[in-house]
file protein.pdb (PDB, C-alpha atoms and all ligand atoms)
MODEL        1
ATOM      1  CA  MET W   1    -165.963 -18.934  25.757
ATOM      2  CA  GLU W   2    -164.840 -20.354  29.104
ATOM      3  CA  ASN W   3    -164.302 -23.792  27.604
ATOM      4  CA  ASN W   4    -162.400 -22.235  24.755
ATOM      5  CA  TYR W   5    -160.144 -20.422  27.178
ATOM      6  CA  GLU W   6    -159.518 -23.601  29.171
ATOM      7  CA  GLN W   7    -158.624 -25.448  25.988
ATOM      8  CA  ILE W   8    -156.226 -22.743  24.853
ATOM      9  CA  ALA W   9    -154.635 -22.634  28.314
ATOM     10  CA  GLN W  10    -154.169 -26.397  28.392
ATOM     11  CA  ASP W  11    -152.674 -26.572  24.910
ATOM     12  CA  MET W  12    -150.361 -23.681  25.630
ATOM     13  CA  GLN W  13    -149.279 -25.165  28.950
ATOM     14  CA  ALA W  14    -148.289 -28.394  27.206
ATOM     15  CA  VAL W  15    -146.270 -26.528  24.574
ATOM     16  CA  ILE W  16    -144.463 -24.308  27.079
ATOM     17  CA  HIS W  17    -143.757 -27.214  29.404
ATOM     18  CA  GLN W  18    -142.313 -29.176  26.485
ATOM     19  CA  MET W  19    -139.893 -26.326  25.773
ATOM     20  CA  LYS W  20    -138.521 -26.704  29.285
ATOM     21  CA  ILE W  21    -138.095 -30.460  28.826
ATOM     22  CA  ASP W  22    -136.335 -29.884  25.510
ATOM     23  CA  ASP W  23    -134.001 -27.330  27.093
ATOM     24  CA  ILE W  24    -133.074 -29.727  29.880
ATOM     25  CA  GLU W  25    -132.456 -32.493  27.362
ATOM     26  CA  GLU W  26    -130.200 -30.238  25.354
ATOM     27  CA  ASN W  27    -128.403 -28.789  28.360
ATOM     28  CA  PRO W  28    -129.046 -30.633  31.666
ATOM     29  CA  ASP W  29    -127.397 -27.832  33.663
ATOM     30  CA  SER W  30    -130.083 -25.393  32.591
ATOM     31  CA  GLU W  31    -132.484 -27.037  35.044
ATOM     32  CA  PHE W  32    -130.349 -25.814  37.957
ATOM     33  CA  GLU W  33    -128.900 -22.606  36.535
ATOM     34  CA  LEU W  34    -130.940 -19.744  37.904
ATOM     35  CA  PHE W  35    -131.606 -16.278  36.598
ATOM     36  CA  ASN W  36    -133.774 -13.460  37.851
ATOM     37  CA  CYS W  37    -136.989 -13.388  35.842
ATOM     38  CA  SER W  38    -137.777  -9.936  34.434
ATOM     39  CA  ALA W  39    -141.502 -10.414  34.940
ATOM     40  CA  CYS W  40    -142.030 -12.079  38.333
ATOM     41  CA  ALA W  41    -138.648 -11.147  39.887
ATOM     42  CA  LYS W  42    -138.126 -14.691  41.136
ATOM     43  CA  ASP W  43    -134.977 -16.752  40.675
ATOM     44  CA  GLU W  44    -136.018 -19.384  38.174
ATOM     45  CA  ALA W  45    -134.350 -22.100  36.100
ATOM     46  CA  LEU W  46    -132.901 -21.095  32.753
ATOM     47  CA  ALA W  47    -134.562 -24.151  31.242
ATOM     48  CA  GLY W  48    -137.760 -23.155  29.506
ATOM     49  CA  SER W  49    -137.051 -19.445  29.781
ATOM     50  CA  ILE W  50    -137.255 -17.181  26.742
ATOM     51  CA  GLN W  51    -135.647 -13.862  25.900
ATOM     52  CA  TYR W  52    -138.154 -11.288  24.593
ATOM     53  CA  SER W  53    -136.359  -8.137  23.458
ATOM     54  CA  ASN W  54    -134.801  -6.768  26.687
ATOM     55  CA  TYR W  55    -136.533  -9.171  29.044
ATOM     56  CA  ARG W  56    -135.899 -12.778  29.974
ATOM     57  CA  LEU W  57    -138.976 -14.574  31.247
ATOM     58  CA  CYS W  58    -139.126 -17.774  33.282
ATOM     59  CA  ASN W  59    -141.134 -20.746  32.075
ATOM     60  CA  ASN W  60    -144.192 -19.724  34.135
ATOM     61  CA  CYS W  61    -144.134 -16.166  32.874
ATOM     62  CA  VAL W  62    -143.607 -17.323  29.277
ATOM     63  CA  LEU W  63    -146.836 -19.246  29.653
ATOM     64  CA  MET W  64    -148.624 -16.216  31.064
ATOM     65  CA  TYR W  65    -147.257 -13.956  28.361
ATOM     66  CA  GLU W  66    -148.089 -16.287  25.478
ATOM     67  CA  LEU W  67    -151.588 -16.793  26.889
ATOM     68  CA  SER W  68    -152.100 -13.065  27.312
ATOM     69  CA  LEU W  69    -151.008 -12.534  23.705
ATOM     70  CA  LYS W  70    -153.229 -15.308  22.436
ATOM     71  CA  LEU W  71    -156.240 -13.968  24.316
ATOM     72  CA  GLY W  72    -155.536 -10.408  23.208
ATOM     73  CA  LYS W  73    -154.924  -9.144  26.762
ATOM     74  CA  VAL W  74    -151.628  -7.582  25.733
ATOM     75  CA  LYS W  75    -150.138  -6.599  22.382
ATOM     76  CA  ASN W  76    -146.441  -6.955  23.153
ATOM     77  CA  ILE W  77    -143.863  -7.701  25.823
ATOM     78  CA  ASP W  78    -143.750  -4.086  27.047
ATOM     79  CA  GLU W  79    -147.463  -4.112  27.749
ATOM     80  CA  PHE W  80    -147.116  -7.435  29.541
ATOM     81  CA  MET W  81    -144.300  -6.109  31.703
ATOM     82  CA  GLN W  82    -146.483  -3.175  32.702
ATOM     83  CA  LYS W  83    -149.274  -5.512  33.736
ATOM     84  CA  MET W  84    -146.823  -7.596  35.718
ATOM     85  CA  GLU W  85    -145.544  -4.589  37.629
ATOM     86  CA  ASP W  86    -147.845  -5.031  40.635
ATOM     87  CA  ASN W  87    -147.116  -8.715  40.745
ATOM     88  CA  ARG W  88    -143.397  -8.069  40.628
ATOM     89  CA  LEU W  89    -143.522  -5.480  43.386
ATOM     90  CA  SER W  90    -145.426  -7.784  45.677
ATOM     91  CA  ASN W  91    -142.858 -10.536  45.067
ATOM     92  CA  ILE W  92    -140.042  -8.172  45.900
ATOM     93  CA  CYS W  93    -141.905  -7.235  49.080
ATOM     94  CA  ASP W  94    -142.174 -10.933  49.942
ATOM     95  CA  PHE W  95    -138.429 -11.288  49.571
ATOM     96  CA  ILE W  96    -137.805  -8.353  51.839
ATOM     97  CA  LYS W  97    -140.176  -9.805  54.432
ATOM     98  CA  LYS W  98    -138.503 -13.205  54.196
ATOM     99  CA  ASP W  99    -135.043 -11.657  54.463
ATOM    100  CA  SER W 100    -135.877  -9.712  57.578
ATOM    101  CA  LEU W 101    -137.489 -12.788  59.126
ATOM    102  CA  GLY W 102    -134.362 -14.787  58.316
ATOM    103  CA  GLU W 103    -132.143 -12.310  60.090
ATOM    104  CA  LYS W 104    -134.109 -12.655  63.297
ATOM    105  CA  ASN W 105    -133.582 -16.436  63.394
TER     106      ASN W 105
HETATM  107 ZN    ZN C   1    -141.167 -15.308  35.936
ENDMDL
END

call {"tool": "encode", "arguments": {"input": "protein.pdb", "output": "structure tokens", "more": "lines below"}}
Ligand SMILES: [Zn+2]
result
Amino acid sequence: MENNYEQIAQDMQAVIHQMKIDDIEENPDSEFELFNCSACAKDEALAGSIQYSNYRLCNNCVLMYELSLKLGKVKNIDEFMQKMEDNRLSNICDFIKKDSLGEKN
């Protein structure tokens, strides 16, 4: 089972990474154009991102979502977003911490 998971993860990673490369080839600017990822709340490159219903996910989160789907951890994007909630909140907290540190300097 573990080996199976590793294999799935590796295959998926290659596919998702390729999407980013394809996007950059098609539109070189997309590597540097940022958007705020709905799942992890980080500013990420448009390249390799995907729109799922109301949410746009960065390349990393697309990988996590597709893996979660594949492994049956979530059934749809809404369920994934719920699972990402804690993650997202902690990222937002990091930003706040960083911002307040920046102001002191
Ligand atoms: Zn993300």

call {"tool": "resolve_selection", "arguments": {"input": "protein.pdb", "expression": "the PyMOL selection byres (((chain W and resi 10-26) around 9) and not hetatm)", "output": "list in words"}}
result
Tyr5, Glu6, Gln7, Ile8, Ala9, Asn27, Pro28, Asp29, Ser30, Glu31, Leu46, Ala47, Gly48, Ser49, Asn59, Asn60, Val62, Leu63, Glu66 and Leu67 of chain W

call {"tool": "closest_atom_pairs", "arguments": {"input": "protein.pdb", "of": "chain W", "to": "ligand ZN 1 (chain C)", "cutoff": "6 Å", "atoms": "all atoms listed in the file", "output": "CSV"}}
result
residue,atom,partner,partner_atom,distance
W:Cys37,CA,C:ZN1,ZN,4.6
W:Ala39,CA,C:ZN1,ZN,5.0
W:Cys40,CA,C:ZN1,ZN,4.1
W:Leu57,CA,C:ZN1,ZN,5.2
W:Cys58,CA,C:ZN1,ZN,4.2
W:Asn60,CA,C:ZN1,ZN,5.6
W:Cys61,CA,C:ZN1,ZN,4.3

call {"tool": "write_last_selection", "arguments": {"input": "protein.pdb", "atoms": "C-alpha atoms", "output": "mmCIF file, in the frame of the given file"}}
result
data_model
loop_
_atom_site.group_PDB
_atom_site.id
_atom_site.type_symbol
_atom_site.label_atom_id
_atom_site.label_comp_id
_atom_site.auth_asym_id
_atom_site.auth_seq_id
_atom_site.Cartn_x
_atom_site.Cartn_y
_atom_site.Cartn_z
ATOM 1 C CA CYS W 37 -136.989 -13.388 35.842
ATOM 2 C CA ALA W 39 -141.502 -10.414 34.940
ATOM 3 C CA CYS W 40 -142.030 -12.079 38.333
ATOM 4 C CA LEU W 57 -138.976 -14.574 31.247
ATOM 5 C CA CYS W 58 -139.126 -17.774 33.282
ATOM 6 C CA ASN W 60 -144.192 -19.724 34.135
ATOM 7 C CA CYS W 61 -144.134 -16.166 32.874
#

call {"tool": "closest_residue", "arguments": {"input": "protein.pdb", "among": "W:Ile96, W:Met84, W:Leu34, W:Ile77", "to": "Ser53 of chain W", "atoms": "all atoms listed in the file"}}
result
W:Ile77

call {"tool": "atom_distance", "arguments": {"input": "protein.pdb", "atom1": "atom CA of Asn91 of chain W", "atom2": "atom CA of Asn76 of chain W"}}
result
22.5 Å

call {"tool": "atom_distance", "arguments": {"input": "protein.pdb", "atom1": "atom CA of Phe35 of chain W", "atom2": "atom CA of Arg56 of chain W"}}
result
8.6 Å

call {"tool": "closest_residue", "arguments": {"input": "protein.pdb", "among": "W:Asn4, W:Lys75, W:Lys83, W:Arg88", "to": "Ser38 of chain W", "atoms": "all atoms listed in the file"}}
result
W:Arg88

call {"tool": "atom_distance", "arguments": {"input": "protein.pdb", "atom1": "atom CA of Gln51 of chain W", "atom2": "atom CA of Phe80 of chain W"}}
result
13.6 Å

call {"tool": "closest_residue", "arguments": {"input": "protein.pdb", "among": "W:Asp78, W:Met64, W:Cys93, W:Asn54", "to": "Ala41 of chain W", "atoms": "only C-alpha atoms"}}
result
W:Cys93
